[in-house]
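S.K.: Contents of upload00.pdb (PDB, C-alpha atoms) are given next:
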ATOM      1  CA  MET A   1      45.608  21.144 -61.151  1.00  0.00           C
ATOM      2  CA  HIS A   2      47.772  18.688 -59.276  1.00  0.00           C
ATOM      3  CA  SER A   3      46.442  15.363 -58.098  1.00  0.00           C
ATOM      4  CA  GLN A   4      45.404  15.330 -54.472  1.00  0.00           C
ATOM      5  CA  SER A   5      47.189  11.989 -54.085  1.00  0.00           C
ATOM      6  CA  THR A   6      50.530  13.808 -54.459  1.00  0.00           C
ATOM      7  CA  THR A   7      49.708  16.414 -51.805  1.00  0.00           C
ATOM      8  CA  PRO A   8      51.756  15.925 -48.613  1.00  0.00           C
ATOM      9  CA  PRO A   9      49.687  15.418 -45.443  1.00  0.00           C
ATOM     10  CA  GLY A  10      48.591  18.623 -43.758  1.00  0.00           C
ATOM     11  CA  THR A  11      48.996  20.819 -46.839  1.00  0.00           C
ATOM     12  CA  GLN A  12      45.590  20.433 -48.481  1.00  0.00           C
ATOM     13  CA  THR A  13      44.576  24.058 -47.870  1.00  0.00           C
ATOM     14  CA  LEU A  14      47.823  25.295 -49.373  1.00  0.00           C
ATOM     15  CA  ARG A  15      47.300  22.994 -52.345  1.00  0.00           C
ATOM     16  CA  ARG A  16      43.818  24.432 -52.894  1.00  0.00           C
ATOM     17  CA  GLY A  17      45.135  27.980 -52.711  1.00  0.00           C
ATOM     18  CA  LEU A  18      47.801  27.198 -55.302  1.00  0.00           C
ATOM     19  CA  ASP A  19      45.186  25.564 -57.508  1.00  0.00           C
ATOM     20  CA  VAL A  20      43.077  28.730 -57.327  1.00  0.00           C
ATOM     21  CA  VAL A  21      46.036  30.897 -58.386  1.00  0.00           C
ATOM     22  CA  ALA A  22      46.805  28.493 -61.234  1.00  0.00           C
ATOM     23  CA  ALA A  23      43.162  28.517 -62.348  1.00  0.00           C
ATOM     24  CA  VAL A  24      43.061  32.310 -62.482  1.00  0.00           C
ATOM     25  CA  ALA A  25      46.359  32.343 -64.392  1.00  0.00           C
ATOM     26  CA  ARG A  26      44.824  30.027 -66.974  1.00  0.00           C
ATOM     27  CA  GLY A  27      41.760  32.187 -67.530  1.00  0.00           C
ATOM     28  CA  ALA A  28      39.260  31.155 -64.835  1.00  0.00           C
ATOM     29  CA  THR A  29      38.640  34.704 -63.682  1.00  0.00           C
ATOM     30  CA  GLY A  30      35.234  34.312 -62.022  1.00  0.00           C
ATOM     31  CA  LEU A  31      34.204  32.430 -58.888  1.00  0.00           C
ATOM     32  CA  ARG A  32      32.143  29.899 -60.805  1.00  0.00           C
ATOM     33  CA  ALA A  33      34.951  29.252 -63.292  1.00  0.00           C
ATOM     34  CA  VAL A  34      37.451  28.784 -60.462  1.00  0.00           C
ATOM     35  CA  CYS A  35      35.168  26.222 -58.831  1.00  0.00           C
ATOM     36  CA  GLU A  36      34.709  24.354 -62.095  1.00  0.00           C
ATOM     37  CA  ARG A  37      38.429  24.343 -62.858  1.00  0.00           C
ATOM     38  CA  THR A  38      39.588  23.280 -59.383  1.00  0.00           C
ATOM     39  CA  GLY A  39      36.706  21.201 -58.047  1.00  0.00           C
ATOM     40  CA  ILE A  40      36.710  23.298 -54.883  1.00  0.00           C
ATOM     41  CA  SER A  41      33.381  24.183 -53.267  1.00  0.00           C
ATOM     42  CA  ARG A  42      31.989  27.665 -53.789  1.00  0.00           C
ATOM     43  CA  SER A  43      32.333  28.716 -50.147  1.00  0.00           C
ATOM     44  CA  THR A  44      35.934  27.466 -49.875  1.00  0.00           C
ATOM     45  CA  ALA A  45      36.915  29.025 -53.193  1.00  0.00           C
ATOM     46  CA  HIS A  46      35.403  32.350 -52.135  1.00  0.00           C
ATOM     47  CA  ARG A  47      37.380  32.367 -48.869  1.00  0.00           C
ATOM     48  CA  LEU A  48      40.605  31.498 -50.686  1.00  0.00           C
ATOM     49  CA  LEU A  49      40.039  34.196 -53.284  1.00  0.00           C
ATOM     50  CA  GLN A  50      39.457  36.778 -50.540  1.00  0.00           C
ATOM     51  CA  LEU A  51      42.702  35.796 -48.787  1.00  0.00           C
ATOM     52  CA  LEU A  52      44.711  35.761 -52.012  1.00  0.00           C
ATOM     53  CA  VAL A  53      43.454  39.267 -52.867  1.00  0.00           C
ATOM     54  CA  GLN A  54      44.287  40.449 -49.354  1.00  0.00           C
ATOM     55  CA  GLU A  55      47.856  39.125 -49.659  1.00  0.00           C
ATOM     56  CA  GLY A  56      48.385  40.534 -53.157  1.00  0.00           C
ATOM     57  CA  TYR A  57      48.570  37.228 -55.035  1.00  0.00           C
ATOM     58  CA  LEU A  58      45.354  38.162 -56.856  1.00  0.00           C
ATOM     59  CA  ARG A  59      43.546  41.436 -57.476  1.00  0.00           C
ATOM     60  CA  ARG A  60      39.964  42.297 -58.272  1.00  0.00           C
ATOM     61  CA  GLY A  61      39.104  42.978 -61.895  1.00  0.00           C
ATOM     62  CA  PRO A  62      35.974  44.428 -63.469  1.00  0.00           C
ATOM     63  CA  GLU A  63      32.595  42.753 -63.011  1.00  0.00           C
ATOM     64  CA  SER A  64      33.556  40.559 -60.025  1.00  0.00           C
ATOM     65  CA  THR A  65      36.515  38.960 -61.775  1.00  0.00           C
ATOM     66  CA  TYR A  66      39.948  38.095 -60.402  1.00  0.00           C
ATOM     67  CA  LEU A  67      43.348  38.676 -61.993  1.00  0.00           C
ATOM     68  CA  LEU A  68      46.919  37.876 -60.998  1.00  0.00           C
ATOM     69  CA  GLY A  69      48.162  40.334 -58.395  1.00  0.00           C
ATOM     70  CA  PRO A  70      51.214  42.515 -57.808  1.00  0.00           C
ATOM     71  CA  ALA A  71      52.889  40.031 -55.442  1.00  0.00           C
ATOM     72  CA  LEU A  72      53.230  37.556 -58.298  1.00  0.00           C
ATOM     73  CA  ILE A  73      54.803  40.211 -60.524  1.00  0.00           C
ATOM     74  CA  GLU A  74      57.333  41.006 -57.801  1.00  0.00           C
ATOM     75  CA  TYR A  75      58.115  37.352 -57.122  1.00  0.00           C
ATOM     76  CA  GLY A  76      58.316  36.625 -60.835  1.00  0.00           C
ATOM     77  CA  PHE A  77      61.028  39.223 -61.331  1.00  0.00           C
ATOM     78  CA  LEU A  78      62.861  37.952 -58.241  1.00  0.00           C
ATOM     79  CA  ALA A  79      62.692  34.403 -59.605  1.00  0.00           C
ATOM     80  CA  LEU A  80      64.249  35.573 -62.879  1.00  0.00           C
ATOM     81  CA  GLN A  81      66.988  37.427 -60.992  1.00  0.00           C
ATOM     82  CA  GLN A  82      67.771  34.336 -58.941  1.00  0.00           C
ATOM     83  CA  ASN A  83      68.175  32.254 -62.099  1.00  0.00           C
ATOM     84  CA  PRO A  84      71.580  33.104 -63.627  1.00  0.00           C
ATOM     85  CA  VAL A  85      70.662  31.960 -67.141  1.00  0.00           C
ATOM     86  CA  PRO A  86      68.611  35.012 -68.292  1.00  0.00           C
ATOM     87  CA  LEU A  87      71.178  37.471 -66.915  1.00  0.00           C
ATOM     88  CA  VAL A  88      74.105  35.678 -68.531  1.00  0.00           C
ATOM     89  CA  ALA A  89      72.295  35.045 -71.811  1.00  0.00           C
ATOM     90  CA  ARG A  90      70.828  38.505 -72.388  1.00  0.00           C
ATOM     91  CA  PRO A  91      73.833  40.105 -74.162  1.00  0.00           C
ATOM     92  CA  VAL A  92      74.057  37.102 -76.512  1.00  0.00           C
ATOM     93  CA  LEU A  93      70.331  37.311 -77.269  1.00  0.00           C
ATOM     94  CA  GLU A  94      70.635  41.021 -78.024  1.00  0.00           C
ATOM     95  CA  ARG A  95      73.498  40.397 -80.455  1.00  0.00           C
ATOM     96  CA  LEU A  96      71.496  37.701 -82.249  1.00  0.00           C
ATOM     97  CA  SER A  97      68.486  40.010 -82.486  1.00  0.00           C
ATOM     98  CA  GLY A  98      70.539  42.910 -83.816  1.00  0.00           C
ATOM     99  CA  ARG A  99      72.304  40.756 -86.380  1.00  0.00           C
ATOM    100  CA  PHE A 100      69.356  38.768 -87.721  1.00  0.00           C
ATOM    101  CA  GLN A 101      66.277  40.911 -86.841  1.00  0.00           C
ATOM    102  CA  ASP A 102      64.186  37.818 -86.089  1.00  0.00           C
ATOM    103  CA  THR A 103      62.526  36.702 -82.853  1.00  0.00           C
ATOM    104  CA  VAL A 104      65.033  35.385 -80.312  1.00  0.00           C
ATOM    105  CA  HIS A 105      63.953  33.163 -77.427  1.00  0.00           C
ATOM    106  CA  LEU A 106      65.500  31.796 -74.253  1.00  0.00           C
ATOM    107  CA  ALA A 107      63.670  28.974 -72.502  1.00  0.00           C
ATOM    108  CA  ILE A 108      64.017  26.269 -69.895  1.00  0.00           C
ATOM    109  CA  ARG A 109      62.236  22.979 -69.335  1.00  0.00           C
ATOM    110  CA  ASP A 110      59.695  23.077 -66.527  1.00  0.00           C
ATOM    111  CA  HIS A 111      58.393  19.545 -65.934  1.00  0.00           C
ATOM    112  CA  ASP A 112      57.307  18.440 -69.410  1.00  0.00           C
ATOM    113  CA  GLU A 113      56.809  21.872 -70.955  1.00  0.00           C
ATOM    114  CA  VAL A 114      58.832  24.701 -72.452  1.00  0.00           C
ATOM    115  CA  LEU A 115      58.858  27.806 -70.230  1.00  0.00           C
ATOM    116  CA  TYR A 116      60.017  31.017 -71.927  1.00  0.00           C
ATOM    117  CA  LEU A 117      62.358  33.142 -69.806  1.00  0.00           C
ATOM    118  CA  ASP A 118      63.204  35.841 -72.341  1.00  0.00           C
ATOM    119  CA  LYS A 119      62.101  37.038 -75.753  1.00  0.00           C
ATOM    120  CA  ILE A 120      63.270  39.746 -78.132  1.00  0.00           C
ATOM    121  CA  ALA A 121      60.595  40.347 -80.734  1.00  0.00           C
ATOM    122  CA  SER A 122      61.185  40.286 -84.476  1.00  0.00           C
ATOM    123  CA  LEU A 123      61.782  43.542 -86.324  1.00  0.00           C
ATOM    124  CA  ARG A 124      60.119  42.141 -89.450  1.00  0.00           C
ATOM    125  CA  GLY A 125      57.346  39.767 -90.456  1.00  0.00           C
ATOM    126  CA  ALA A 126      54.551  38.362 -88.294  1.00  0.00           C
ATOM    127  CA  GLU A 127      55.107  37.993 -84.560  1.00  0.00           C
ATOM    128  CA  THR A 128      55.062  34.644 -82.774  1.00  0.00           C
ATOM    129  CA  ARG A 129      52.469  34.013 -80.072  1.00  0.00           C
ATOM    130  CA  SER A 130      55.120  33.293 -77.430  1.00  0.00           C
ATOM    131  CA  ARG A 131      55.821  35.608 -74.498  1.00  0.00           C
ATOM    132  CA  ILE A 132      57.871  35.545 -71.311  1.00  0.00           C
ATOM    133  CA  GLY A 133      56.242  33.088 -68.912  1.00  0.00           C
ATOM    134  CA  TYR A 134      54.415  31.314 -71.765  1.00  0.00           C
ATOM    135  CA  ARG A 135      54.458  27.521 -71.963  1.00  0.00           C
ATOM    136  CA  MET A 136      54.552  25.326 -75.057  1.00  0.00           C
ATOM    137  CA  PRO A 137      55.044  21.641 -75.872  1.00  0.00           C
ATOM    138  CA  LEU A 138      58.525  20.159 -75.884  1.00  0.00           C
ATOM    139  CA  THR A 139      58.283  17.948 -78.953  1.00  0.00           C
ATOM    140  CA  THR A 140      56.704  20.376 -81.444  1.00  0.00           C
ATOM    141  CA  THR A 141      58.866  23.433 -80.764  1.00  0.00           C
ATOM    142  CA  GLY A 142      62.434  23.814 -81.935  1.00  0.00           C
ATOM    143  CA  ILE A 143      63.518  25.160 -78.571  1.00  0.00           C
ATOM    144  CA  GLY A 144      61.705  22.332 -76.797  1.00  0.00           C
ATOM    145  CA  LYS A 145      63.520  19.721 -78.860  1.00  0.00           C
ATOM    146  CA  SER A 146      66.839  21.307 -77.830  1.00  0.00           C
ATOM    147  CA  LEU A 147      65.780  21.078 -74.180  1.00  0.00           C
ATOM    148  CA  ILE A 148      65.353  17.293 -74.518  1.00  0.00           C
ATOM    149  CA  LEU A 149      68.206  16.638 -76.943  1.00  0.00           C
ATOM    150  CA  ASP A 150      70.253  14.846 -74.254  1.00  0.00           C
ATOM    151  CA  GLU A 151      67.382  12.549 -73.217  1.00  0.00           C
ATOM    152  CA  GLN A 152      67.212   8.840 -74.036  1.00  0.00           C
ATOM    153  CA  GLU A 153      64.902   7.678 -76.817  1.00  0.00           C
ATOM    154  CA  ASP A 154      62.368   6.169 -74.407  1.00  0.00           C
ATOM    155  CA  ALA A 155      61.968   9.656 -72.906  1.00  0.00           C
ATOM    156  CA  TRP A 156      61.456  11.093 -76.391  1.00  0.00           C
ATOM    157  CA  GLU A 157      58.719   8.533 -77.015  1.00  0.00           C
ATOM    158  CA  ARG A 158      56.975   9.346 -73.733  1.00  0.00           C
ATOM    159  CA  LEU A 159      57.087  13.078 -74.355  1.00  0.00           C
ATOM    160  CA  PHE A 160      55.877  12.662 -77.940  1.00  0.00           C
ATOM    161  CA  ALA A 161      52.840  10.743 -76.672  1.00  0.00           C
ATOM    162  CA  ALA A 162      52.230  13.312 -73.920  1.00  0.00           C
ATOM    163  CA  ASP A 163      52.199  16.119 -76.504  1.00  0.00           C
ATOM    164  CA  GLY A 164      49.453  14.418 -78.475  1.00  0.00           C
ATOM    165  CA  GLY A 165      51.388  11.971 -80.622  1.00  0.00           C
ATOM    166  CA  ASP A 166      50.606  12.440 -84.293  1.00  0.00           C
ATOM    167  CA  GLY A 167      48.247  15.345 -83.620  1.00  0.00           C
ATOM    168  CA  GLY A 168      50.858  17.951 -84.483  1.00  0.00           C
ATOM    169  CA  ALA A 169      51.556  19.503 -87.869  1.00  0.00           C
ATOM    170  CA  GLY A 170      48.086  18.782 -89.195  1.00  0.00           C
ATOM    171  CA  GLY A 171      48.303  15.114 -88.283  1.00  0.00           C
ATOM    172  CA  GLU A 172      51.447  14.625 -90.367  1.00  0.00           C
ATOM    173  CA  ARG A 173      53.730  13.844 -87.445  1.00  0.00           C
ATOM    174  CA  SER A 174      54.571  10.262 -86.594  1.00  0.00           C
ATOM    175  CA  LEU A 175      56.725   8.776 -83.842  1.00  0.00           C
ATOM    176  CA  ASP A 176      59.137   7.242 -86.342  1.00  0.00           C
ATOM    177  CA  ARG A 177      59.657  10.563 -88.117  1.00  0.00           C
ATOM    178  CA  PHE A 178      60.060  12.378 -84.823  1.00  0.00           C
ATOM    179  CA  LEU A 179      62.682   9.928 -83.538  1.00  0.00           C
ATOM    180  CA  GLU A 180      64.541  10.011 -86.844  1.00  0.00           C
ATOM    181  CA  ALA A 181      64.617  13.798 -86.731  1.00  0.00           C
ATOM    182  CA  MET A 182      65.780  13.848 -83.108  1.00  0.00           C
ATOM    183  CA  ARG A 183      68.643  11.448 -83.897  1.00  0.00           C
ATOM    184  CA  ARG A 184      69.682  13.752 -86.736  1.00  0.00           C
ATOM    185  CA  TYR A 185      69.420  16.820 -84.502  1.00  0.00           C
ATOM    186  CA  ARG A 186      71.550  15.147 -81.846  1.00  0.00           C
ATOM    187  CA  ARG A 187      74.321  14.595 -84.407  1.00  0.00           C
ATOM    188  CA  LEU A 188      73.867  18.187 -85.597  1.00  0.00           C
ATOM    189  CA  GLY A 189      73.902  19.736 -82.131  1.00  0.00           C
ATOM    190  CA  ALA A 190      70.866  21.872 -82.960  1.00  0.00           C
ATOM    191  CA  THR A 191      67.134  21.420 -83.582  1.00  0.00           C
ATOM    192  CA  MET A 192      64.456  22.784 -85.880  1.00  0.00           C
ATOM    193  CA  ASP A 193      60.740  23.483 -85.916  1.00  0.00           C
ATOM    194  CA  LEU A 194      59.325  23.184 -89.423  1.00  0.00           C
ATOM    195  CA  GLU A 195      55.947  24.759 -88.615  1.00  0.00           C
ATOM    196  CA  GLU A 196      55.046  21.850 -86.346  1.00  0.00           C
ATOM    197  CA  ASN A 197      54.008  24.122 -83.506  1.00  0.00           C
ATOM    198  CA  GLU A 198      52.645  27.205 -85.240  1.00  0.00           C
ATOM    199  CA  PRO A 199      51.657  27.426 -88.930  1.00  0.00           C
ATOM    200  CA  GLY A 200      53.968  29.697 -90.878  1.00  0.00           C
ATOM    201  CA  ILE A 201      56.607  29.916 -88.113  1.00  0.00           C
ATOM    202  CA  ARG A 202      59.974  28.169 -88.362  1.00  0.00           C
ATOM    203  CA  CYS A 203      62.723  27.964 -85.777  1.00  0.00           C
ATOM    204  CA  VAL A 204      66.325  26.879 -85.222  1.00  0.00           C
ATOM    205  CA  ALA A 205      67.521  26.234 -81.660  1.00  0.00           C
ATOM    206  CA  ALA A 206      70.450  24.874 -79.671  1.00  0.00           C
ATOM    207  CA  PRO A 207      70.885  23.586 -76.100  1.00  0.00           C
ATOM    208  CA  ILE A 208      72.652  25.462 -73.304  1.00  0.00           C
ATOM    209  CA  ARG A 209      74.579  23.445 -70.684  1.00  0.00           C
ATOM    210  CA  ASP A 210      76.110  24.357 -67.334  1.00  0.00           C
ATOM    211  CA  GLY A 211      79.251  23.341 -65.471  1.00  0.00           C
ATOM    212  CA  SER A 212      77.862  19.902 -64.713  1.00  0.00           C
ATOM    213  CA  SER A 213      77.335  19.339 -68.469  1.00  0.00           C
ATOM    214  CA  SER A 214      73.584  19.220 -67.880  1.00  0.00           C
ATOM    215  CA  GLY A 215      71.179  20.884 -70.291  1.00  0.00           C
ATOM    216  CA  VAL A 216      69.709  23.857 -68.434  1.00  0.00           C
ATOM    217  CA  ALA A 217      68.180  26.011 -71.184  1.00  0.00           C
ATOM    218  CA  ALA A 218      68.014  26.588 -74.928  1.00  0.00           C
ATOM    219  CA  VAL A 219      68.234  29.524 -77.318  1.00  0.00           C
ATOM    220  CA  SER A 220      66.401  29.925 -80.617  1.00  0.00           C
ATOM    221  CA  ILE A 221      65.762  32.172 -83.598  1.00  0.00           C
ATOM    222  CA  SER A 222      62.252  32.119 -85.089  1.00  0.00           C
ATOM    223  CA  ALA A 223      60.816  33.714 -88.224  1.00  0.00           C
ATOM    224  CA  THR A 224      57.985  33.378 -90.678  1.00  0.00           C
ATOM    225  CA  ARG A 225      58.442  30.976 -93.594  1.00  0.00           C
ATOM    226  CA  PRO A 226      59.416  33.648 -96.190  1.00  0.00           C
ATOM    227  CA  TYR A 227      62.321  34.720 -93.966  1.00  0.00           C
ATOM    228  CA  MET A 228      63.266  31.164 -92.986  1.00  0.00           C
ATOM    229  CA  PRO A 229      63.765  28.951 -96.058  1.00  0.00           C
ATOM    230  CA  MET A 230      65.529  25.656 -95.467  1.00  0.00           C
ATOM    231  CA  GLU A 231      68.862  26.971 -96.745  1.00  0.00           C
ATOM    232  CA  ARG A 232      68.815  29.745 -94.147  1.00  0.00           C
ATOM    233  CA  MET A 233      67.821  27.326 -91.398  1.00  0.00           C
ATOM    234  CA  ARG A 234      70.873  25.204 -92.195  1.00  0.00           C
ATOM    235  CA  ALA A 235      73.058  28.309 -92.205  1.00  0.00           C
ATOM    236  CA  LEU A 236      71.737  29.295 -88.779  1.00  0.00           C
ATOM    237  CA  VAL A 237      72.700  25.957 -87.187  1.00  0.00           C
ATOM    238  CA  PRO A 238      76.352  26.918 -86.495  1.00  0.00           C
ATOM    239  CA  VAL A 239      75.221  30.388 -85.404  1.00  0.00           C
ATOM    240  CA  LEU A 240      72.864  28.953 -82.767  1.00  0.00           C
ATOM    241  CA  ARG A 241      75.426  26.385 -81.652  1.00  0.00           C
ATOM    242  CA  GLU A 242      78.017  29.110 -81.197  1.00  0.00           C
ATOM    243  CA  ALA A 243      75.578  31.308 -79.253  1.00  0.00           C
ATOM    244  CA  ALA A 244      74.555  28.399 -77.022  1.00  0.00           C
ATOM    245  CA  GLU A 245      78.172  27.441 -76.441  1.00  0.00           C
ATOM    246  CA  GLU A 246      79.045  31.022 -75.473  1.00  0.00           C
ATOM    247  CA  ILE A 247      76.257  31.103 -72.890  1.00  0.00           C
ATOM    248  CA  SER A 248      77.210  27.613 -71.726  1.00  0.00           C
ATOM    249  CA  GLY A 249      80.810  28.726 -71.207  1.00  0.00           C
ATOM    250  CA  LEU A 250      79.636  31.615 -69.032  1.00  0.00           C
ATOM    251  CA  LEU A 251      77.724  29.052 -66.951  1.00  0.00           C
ATOM    252  CA  GLY A 252      80.855  26.960 -66.445  1.00  0.00           C
ATOM    253  CA  TYR A 253      80.494  24.444 -69.261  1.00  0.00           C
ATOM    254  CA  PRO A 254      83.882  23.327 -70.649  1.00  0.00           C
ATOM    255  CA  ALA A 255      84.824  24.763 -74.045  1.00  0.00           C
ATOM    256  CA  ALA A 256      83.373  22.653 -76.838  1.00  0.00           C
ATOM    257  CA  GLY A 257      85.716  20.908 -79.223  1.00  0.00           C
ATOM    258  CA  PRO A 258      85.441  21.014 -82.995  1.00  0.00           C
ATOM    259  CA  ARG A 259      82.479  19.299 -84.684  1.00  0.00           C
ATOM    260  CA  ASP A 260      82.548  17.087 -87.715  1.00  0.00           C
TER     261      ASP A 260
END
Could you render the structure as structure tokens?

M.R.:
Amino acid sequence: MHSQSTTPPGTQTLRRGLDVVAAVARGATGLRAVCERTGISRSTAHRLLQLLVQEGYLRRGPESTYLLGPALIEYGFLALQQNPVPLVARPVLERLSGRFQDTVHLAIRDHDEVLYLDKIASLRGAETRSRIGYRMPLTTTGIGKSLILDEQEDAWERLFAADGGDGGAGGERSLDRFLEAMRRYRRLGATMDLEENEPGIRCVAAPIRDGSSSGVAAVSISATRPYMPMERMRALVPVLREAAEEISGLLGYPAAGPRD
């Protein structure tokens, strides 16, 4: 829920309605849960829920619950269509999936989180918990690290703290190790997740840039540990860089020169 101090004057009702939708999306499916999650009074929350159902943003579920409605599905697909990255990237993702048979992701940065725009599931091994529209931390995921690879180190430090500091990877993460790894990844042009985000799941990723040379997305390949030993992760680095550069070129990014 957003802070009321950031709400522009005259938009408080709209802010409350958006908070209700967000609460339902995050699992507060009953009236009481919505009130607890948003801090909105019962009578106001009930009126907002009724209006949101009427307009299709929510729908009624079993036993007086509320679920996301058809309008959000429609708008979600329109939002994807209006973003050129998924459309441009899809053929590249399909080639990666067909060649390697592992889970392939496309994601963007939304505020300080990873937001998955596309996913092609693995044809072998355990499946990752990610899905289209799912959010994950930036500093513990391989794809998230690629999304912040162009940031300054003070931004890396802030994001590391925001993601829980040394709470990741069973408490084995430290800021110094994270910064050292990010410096190495920047030289490499690709990033890795060594089970920091999800036990047993490893990932290699690379950043996608547009015509302004800004990082706009990232692409990754993920697999369970038996299918992703360190030697294979290193071998996938040029593969992910090449895939990211191909997508970047389609978005107007100048052709990349040779790497050392």

S.K.: Which residues of region 122-186 of chain A come within 12 Å of region 85-104 of chain A, and for each one, what is the closest pair of atoms and their distance in Å to one decimal, counting only C-alpha atoms, sorted by chain and residue number, as JSON lines?

M.R.:
{"residue": "A:Ser122", "atom": "CA", "partner": "A:Thr103", "partner_atom": "CA", "distance": 4.2}
{"residue": "A:Leu123", "atom": "CA", "partner": "A:Gln101", "partner_atom": "CA", "distance": 5.2}
{"residue": "A:Arg124", "atom": "CA", "partner": "A:Gln101", "partner_atom": "CA", "distance": 6.8}
{"residue": "A:Gly125", "atom": "CA", "partner": "A:Asp102", "partner_atom": "CA", "distance": 8.3}
{"residue": "A:Ala126", "atom": "CA", "partner": "A:Thr103", "partner_atom": "CA", "distance": 9.8}
{"residue": "A:Glu127", "atom": "CA", "partner": "A:Thr103", "partner_atom": "CA", "distance": 7.7}
{"residue": "A:Thr128", "atom": "CA", "partner": "A:Thr103", "partner_atom": "CA", "distance": 7.7}
{"residue": "A:Arg129", "atom": "CA", "partner": "A:Thr103", "partner_atom": "CA", "distance": 10.8}
{"residue": "A:Ser130", "atom": "CA", "partner": "A:Thr103", "partner_atom": "CA", "distance": 9.8}
{"residue": "A:Arg131", "atom": "CA", "partner": "A:Thr103", "partner_atom": "CA", "distance": 10.8}
{"residue": "A:Ile132", "atom": "CA", "partner": "A:Pro86", "partner_atom": "CA", "distance": 11.2}
{"residue": "A:Gly142", "atom": "CA", "partner": "A:Val104", "partner_atom": "CA", "distance": 12.0}
{"residue": "A:Ile143", "atom": "CA", "partner": "A:Val104", "partner_atom": "CA", "distance": 10.5}

S.K.: Can you list, as a CSV table (one decimal) with C-alpha atoms, in the coordinates of the input, every protein, DNA or RNA residue that comes within 6 Å of Ala223 (chain A) when you count only C-alpha atoms, leaving out same-chain residues fewer than 4 positions away?

M.R.:
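Below is the file out-v4.csv, written as the result:
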chain,number,residue,atom,x,y,z
A,102,ASP,CA,64.2,37.8,-86.1
A,201,ILE,CA,56.6,29.9,-88.1
A,202,ARG,CA,60.0,28.2,-88.4
A,228,MET,CA,63.3,31.2,-93.0

S.K.: Just give me the gap between CA of Cys35 (chain A) and CA of Tyr116 (chain A) in Å, one decimal is fine.

M.R.: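 About the pair CA of Cys35 (chain A) and CA of Tyr116 (chain A): they are 28.5 Å apart.
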
S.K.: With only C-alpha atoms counted and 10 Å as the cut-off, give the residues of region 29-85 of chain A in contact with region 8-24 of chain A, each with its shortest interatomic distance in Å and the pair that gives it, as a tab-separated table.

M.R.:
residue	atom	partner	partner_atom	distance
A:Thr29	CA	A:Val24	CA	5.2
A:Gly30	CA	A:Val24	CA	8.1
A:Leu31	CA	A:Val24	CA	9.6
A:Ala33	CA	A:Ala23	CA	8.3
A:Val34	CA	A:Ala23	CA	6.0
A:Cys35	CA	A:Val20	CA	8.4
A:Glu36	CA	A:Ala23	CA	9.4
A:Arg37	CA	A:Ala23	CA	6.3
A:Thr38	CA	A:Asp19	CA	6.3
A:Gly39	CA	A:Arg16	CA	9.4
A:Ile40	CA	A:Arg16	CA	7.5
A:Thr44	CA	A:Arg16	CA	9.0
A:Ala45	CA	A:Val20	CA	7.4
A:His46	CA	A:Val20	CA	9.9
A:Arg47	CA	A:Gly17	CA	9.7
A:Leu48	CA	A:Gly17	CA	6.1
A:Leu49	CA	A:Val20	CA	7.4
A:Leu51	CA	A:Gly17	CA	9.1
A:Leu52	CA	A:Gly17	CA	7.8
A:Tyr57	CA	A:Val21	CA	7.6
A:Leu58	CA	A:Val21	CA	7.5
A:Thr65	CA	A:Val24	CA	9.4
A:Tyr66	CA	A:Val24	CA	6.9
A:Leu67	CA	A:Val24	CA	6.4
A:Leu68	CA	A:Val24	CA	6.9
A:Gly69	CA	A:Val21	CA	9.7
A:Leu72	CA	A:Val21	CA	9.8

S.K.: Please write as a CSV table (one decimal) with C-alpha atoms, keeping the file's coordinate frame the full residue list that the PyMOL selection byres ((chain A and resi 236) around 10) yields on this file.

M.R.:
chain,number,residue,atom,x,y,z
A,100,PHE,CA,69.4,38.8,-87.7
A,190,ALA,CA,70.9,21.9,-83.0
A,203,CYS,CA,62.7,28.0,-85.8
A,204,VAL,CA,66.3,26.9,-85.2
A,205,ALA,CA,67.5,26.2,-81.7
A,220,SER,CA,66.4,29.9,-80.6
A,221,ILE,CA,65.8,32.2,-83.6
A,228,MET,CA,63.3,31.2,-93.0
A,230,MET,CA,65.5,25.7,-95.5
A,231,GLU,CA,68.9,27.0,-96.7
A,232,ARG,CA,68.8,29.7,-94.1
A,233,MET,CA,67.8,27.3,-91.4
A,234,ARG,CA,70.9,25.2,-92.2
A,235,ALA,CA,73.1,28.3,-92.2
A,237,VAL,CA,72.7,26.0,-87.2
A,238,PRO,CA,76.4,26.9,-86.5
A,239,VAL,CA,75.2,30.4,-85.4
A,240,LEU,CA,72.9,29.0,-82.8
A,241,ARG,CA,75.4,26.4,-81.7
A,242,GLU,CA,78.0,29.1,-81.2

S.K.: Find, counting only C-alpha atoms, the residue in A:Tyr253, A:Phe178, A:Tyr227, A:Tyr185 that gets nearest to Gly211 (chain A).

M.R.: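 Nearest candidate to Gly211 (chain A) out of A:Tyr253, A:Phe178, A:Tyr227, A:Tyr185: A:Tyr253.
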
S.K.: Expanded to explicit residues, what is the PyMOL selection byres ((chain A and resi 195) around 10) for this file, as number ranges by chain?

M.R.: A: 140-142, 168-170, 192-194, 196-203, 224-225

S.K.: Can you list, as a short mmCIF file (atom, residue, chain, number, x, y, z; two decimals) with C-alpha atoms, keeping the file's coordinate frame, the residues that the PyMOL selection byres ((chain A and resi 176) around 12) selects here?

M.R.:
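New file result27.cif:
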data_model
loop_
_atom_site.label_atom_id
_atom_site.label_comp_id
_atom_site.auth_asym_id
_atom_site.auth_seq_id
_atom_site.Cartn_x
_atom_site.Cartn_y
_atom_site.Cartn_z
CA GLU A 153 64.90 7.68 -76.82
CA TRP A 156 61.46 11.09 -76.39
CA GLU A 157 58.72 8.53 -77.02
CA PHE A 160 55.88 12.66 -77.94
CA GLY A 165 51.39 11.97 -80.62
CA ASP A 166 50.61 12.44 -84.29
CA GLU A 172 51.45 14.62 -90.37
CA ARG A 173 53.73 13.84 -87.44
CA SER A 174 54.57 10.26 -86.59
CA LEU A 175 56.72 8.78 -83.84
CA ARG A 177 59.66 10.56 -88.12
CA PHE A 178 60.06 12.38 -84.82
CA LEU A 179 62.68 9.93 -83.54
CA GLU A 180 64.54 10.01 -86.84
CA ALA A 181 64.62 13.80 -86.73
CA MET A 182 65.78 13.85 -83.11
CA ARG A 183 68.64 11.45 -83.90
#
